[in-house]
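Data block for input-v2.csv (CSV, C-alpha atoms):
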```csv
chain,number,residue,atom,x,y,z
U,1,VAL,CA,157.2,53.7,129.8
U,2,GLN,CA,156.9,51.3,126.9
U,3,LEU,CA,158.3,47.7,127.2
U,4,GLN,CA,159.3,45.6,124.2
U,5,ALA,CA,160.0,42.0,124.8
U,6,SER,CA,161.8,39.5,122.6
U,7,GLY,CA,163.3,36.0,122.7
U,8,GLY,CA,160.2,33.8,123.2
U,9,GLY,CA,159.7,30.7,121.1
U,10,LEU,CA,159.7,26.9,121.1
U,11,VAL,CA,162.2,24.8,123.0
U,12,GLN,CA,162.5,21.2,124.0
U,13,ALA,CA,162.3,20.1,127.6
U,14,GLY,CA,165.6,20.5,129.3
U,15,GLY,CA,166.6,23.3,127.1
U,16,SER,CA,167.3,27.0,127.7
U,17,LEU,CA,165.8,30.2,126.5
U,18,ARG,CA,166.8,33.9,127.0
U,19,LEU,CA,164.2,36.6,127.1
U,20,SER,CA,165.0,40.3,126.8
U,21,CYS,CA,162.9,43.4,127.4
U,22,THR,CA,163.9,46.9,126.5
U,23,ALA,CA,162.2,49.9,128.1
U,24,SER,CA,161.7,53.3,126.5
U,25,GLY,CA,160.1,56.5,127.5
U,26,SER,CA,160.5,57.8,131.1
U,27,ILE,CA,163.1,55.2,131.9
U,28,ARG,CA,164.9,57.2,134.5
U,29,ALA,CA,161.8,56.8,136.8
U,30,ILE,CA,162.0,53.0,136.6
U,31,ASN,CA,163.0,51.4,139.9
U,32,ALA,CA,162.0,47.8,139.2
U,33,MET,CA,161.9,45.5,136.2
U,34,GLY,CA,161.0,41.9,135.9
U,35,TRP,CA,159.1,39.1,134.4
U,36,TYR,CA,155.8,37.4,135.0
U,37,ARG,CA,154.1,34.6,133.2
U,38,GLU,CA,150.5,33.4,132.6
U,39,ALA,CA,149.7,29.9,131.6
U,40,PRO,CA,146.3,28.8,130.3
U,41,ASP,CA,143.7,28.7,133.1
U,42,LYS,CA,146.3,29.9,135.7
U,43,PRO,CA,146.7,33.3,137.3
U,44,ARG,CA,149.7,35.5,136.3
U,45,GLU,CA,152.7,34.6,138.5
U,46,GLN,CA,156.0,36.2,139.1
U,47,VAL,CA,159.1,34.7,137.5
U,48,ALA,CA,161.8,37.1,138.6
U,49,LEU,CA,162.0,40.7,139.8
U,50,LEU,CA,164.9,43.1,140.0
U,51,ILE,CA,164.4,46.2,142.3
U,52,SER,CA,167.0,48.9,142.2
U,53,GLY,CA,169.6,48.5,144.9
U,54,ARG,CA,168.4,45.0,145.9
U,55,SER,CA,169.2,41.4,145.1
U,56,PRO,CA,167.0,39.7,142.5
U,57,ILE,CA,163.8,38.2,143.8
U,58,TYR,CA,162.8,34.7,142.6
U,59,PRO,CA,159.9,32.6,143.7
U,60,ARG,CA,160.9,29.3,145.2
U,61,SER,CA,159.7,27.4,142.2
U,62,MET,CA,162.1,29.4,139.9
U,63,GLU,CA,165.2,29.5,142.1
U,64,GLY,CA,168.2,27.8,140.5
U,65,ARG,CA,166.6,27.8,137.0
U,66,VAL,CA,166.2,31.4,136.1
U,67,THR,CA,168.5,34.4,136.3
U,68,ILE,CA,167.5,38.0,135.8
U,69,SER,CA,169.9,40.7,134.9
U,70,ARG,CA,169.7,44.3,133.9
U,71,ASP,CA,171.8,46.3,131.4
U,72,ASN,CA,171.3,49.9,132.6
U,73,ALA,CA,173.1,51.3,129.7
U,74,GLU,CA,170.5,49.9,127.3
U,75,ASP,CA,167.6,49.9,129.8
U,76,THR,CA,167.2,46.2,129.1
U,77,VAL,CA,166.3,43.4,131.5
U,78,ASN,CA,167.2,39.8,130.5
U,79,LEU,CA,165.9,36.5,131.8
U,80,GLN,CA,167.9,33.4,131.3
U,81,MET,CA,165.8,30.3,131.8
U,82,ASN,CA,167.4,26.8,132.1
U,83,SER,CA,166.1,23.3,132.5
U,84,LEU,CA,162.8,24.2,131.0
U,85,SER,CA,159.9,21.8,131.3
U,86,PRO,CA,156.4,21.8,129.6
U,87,GLU,CA,155.1,23.3,132.8
U,88,ASP,CA,157.0,26.5,131.9
U,89,THR,CA,154.9,26.9,128.8
U,90,ALA,CA,153.2,30.3,129.2
U,91,VAL,CA,153.0,33.9,127.9
U,92,TYR,CA,155.8,35.8,129.5
U,93,TYR,CA,155.3,39.4,130.3
U,94,CYS,CA,157.9,42.1,130.9
U,95,TYR,CA,157.1,44.3,133.9
U,96,ALA,CA,158.3,47.6,135.1
U,97,ARG,CA,157.4,49.9,138.0
U,98,ASP,CA,158.3,53.5,138.4
U,99,ILE,CA,159.1,55.6,141.5
U,100,SER,CA,155.4,56.7,141.8
U,101,GLY,CA,154.3,53.0,142.0
U,102,GLU,CA,152.8,52.9,138.5
U,103,ASN,CA,153.0,49.5,136.9
U,104,PHE,CA,153.8,48.9,133.2
U,105,TRP,CA,153.4,45.7,131.2
U,106,GLY,CA,154.8,44.6,127.8
U,107,LEU,CA,152.6,42.8,125.3
U,108,GLY,CA,153.9,39.3,126.2
U,109,THR,CA,156.0,36.8,124.4
U,110,GLN,CA,155.0,33.1,124.1
U,111,VAL,CA,157.3,30.4,125.4
U,112,THR,CA,156.4,26.8,124.5
U,113,VAL,CA,158.3,23.9,125.9
U,114,SER,CA,157.8,20.6,124.1
U,115,SER,CA,158.1,17.3,125.9
```
Mind turning the file's structure into structure tokens?
Amino acid sequence: VQLQASGGGLVQAGGSLRLSCTASGSIRAINAMGWYREAPDKPREQVALLISGRSPIYPRSMEGRVTISRDNAEDTVNLQMNSLSPEDTAVYYCYARDISGENFWGLGTQVTVSS
């Protein structure tokens, strides 16, 4: 499985940004897709996760500000982020997991929120 992310960039505080990630390869084996982020000097943390047949999973810190959706026809997962703050500045990584439990990561896309 290969993951290609897009949509990162620079946005002002309070603004919104939409990230997209398209999977290719053995996409039929994917049963989960989502987003993680990694800020400088901080561990990678979950932003949103979508598991097949289940409701989206958001950490408490993200609830109400992010929405994850998946377009199965295009094997794309989207992340809509609103009310962004400088604390949201990080490299955002697309993630996928297949039915065997193997994890896959995209290269990451930079999101910078200016104050």
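Our summary of the geometry notes that CA of Tyr92 in chain U is positioned 15.9 Å from CA of Ser69 in chain U.
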So how many Å separate CA of Val113 in chain U and CA of Gly34 in chain U, to one decimal? 20.8 Å
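Between CA of Asn103 in chain U and CA of Ser20 in chain U lies a distance of 18.2 Å.
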Excluding same-chain residues fewer than 2 positions from range 42-48 of chain U, what lies within 10 Å of it counting all atoms listed in the file, as a PyMOL selection string? chain U and resi 33-40+50+56-63+66-69+79+81+90-95
Requested write-out: C-alpha atoms of the selected residues, as a tab-separated table (two decimals), in the frame of the given file:
```tsv
chain	number	residue	atom	x	y	z
U	33	MET	CA	161.90	45.50	136.20
U	34	GLY	CA	161.00	41.90	135.90
U	35	TRP	CA	159.10	39.10	134.40
U	36	TYR	CA	155.80	37.40	135.00
U	37	ARG	CA	154.10	34.60	133.20
U	38	GLU	CA	150.50	33.40	132.60
U	39	ALA	CA	149.70	29.90	131.60
U	40	PRO	CA	146.30	28.80	130.30
U	50	LEU	CA	164.90	43.10	140.00
U	56	PRO	CA	167.00	39.70	142.50
U	57	ILE	CA	163.80	38.20	143.80
U	58	TYR	CA	162.80	34.70	142.60
U	59	PRO	CA	159.90	32.60	143.70
U	60	ARG	CA	160.90	29.30	145.20
U	61	SER	CA	159.70	27.40	142.20
U	62	MET	CA	162.10	29.40	139.90
U	63	GLU	CA	165.20	29.50	142.10
U	66	VAL	CA	166.20	31.40	136.10
U	67	THR	CA	168.50	34.40	136.30
U	68	ILE	CA	167.50	38.00	135.80
U	69	SER	CA	169.90	40.70	134.90
U	79	LEU	CA	165.90	36.50	131.80
U	81	MET	CA	165.80	30.30	131.80
U	90	ALA	CA	153.20	30.30	129.20
U	91	VAL	CA	153.00	33.90	127.90
U	92	TYR	CA	155.80	35.80	129.50
U	93	TYR	CA	155.30	39.40	130.30
U	94	CYS	CA	157.90	42.10	130.90
U	95	TYR	CA	157.10	44.30	133.90
```
Taking 2 positions as the minimum chain separation for residues in the same chain, which residues sit within 9 Å of Ala5 in chain U when counting only C-alpha atoms? Answer as a VMD selection string. chain U and resid 3 7 to 8 19 to 23 92 to 94 106 to 109
Selection near Asn82 in chain U, 10 Å with only C-alpha atoms, sequence-local residues under 2 positions removed, as a list in words: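 The filter keeps Ala13, Gly14, Gly15, Ser16, Leu17, Arg18, Met62, Gly64, Arg65, Val66, Thr67, Leu79, Gln80, Leu84 and Ser85 of chain U.
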Go through U:Gln12, U:Gln4, U:Ser83, U:Ser55 one by one, measure the shortest atom-to-atom distance of each to Ala32 in chain U using only C-alpha atoms, and give the residue with the smallest value. U:Ser55
Give me the residues near Gly9 in chain U as a compact mmCIF listing (two decimals) with C-alpha atoms, keeping the file's coordinate frame, where near means some atom within 8 Å (using all atoms listed in the file) and where sequence neighbours in that chain fewer than 6 positions away do not count.
```txt
# COMPACT_ATOMS: atom_id res chain seq x y z
CA THR U 109 156.00 36.80 124.40
CA GLN U 110 155.00 33.10 124.10
CA VAL U 111 157.30 30.40 125.40
CA THR U 112 156.40 26.80 124.50
```
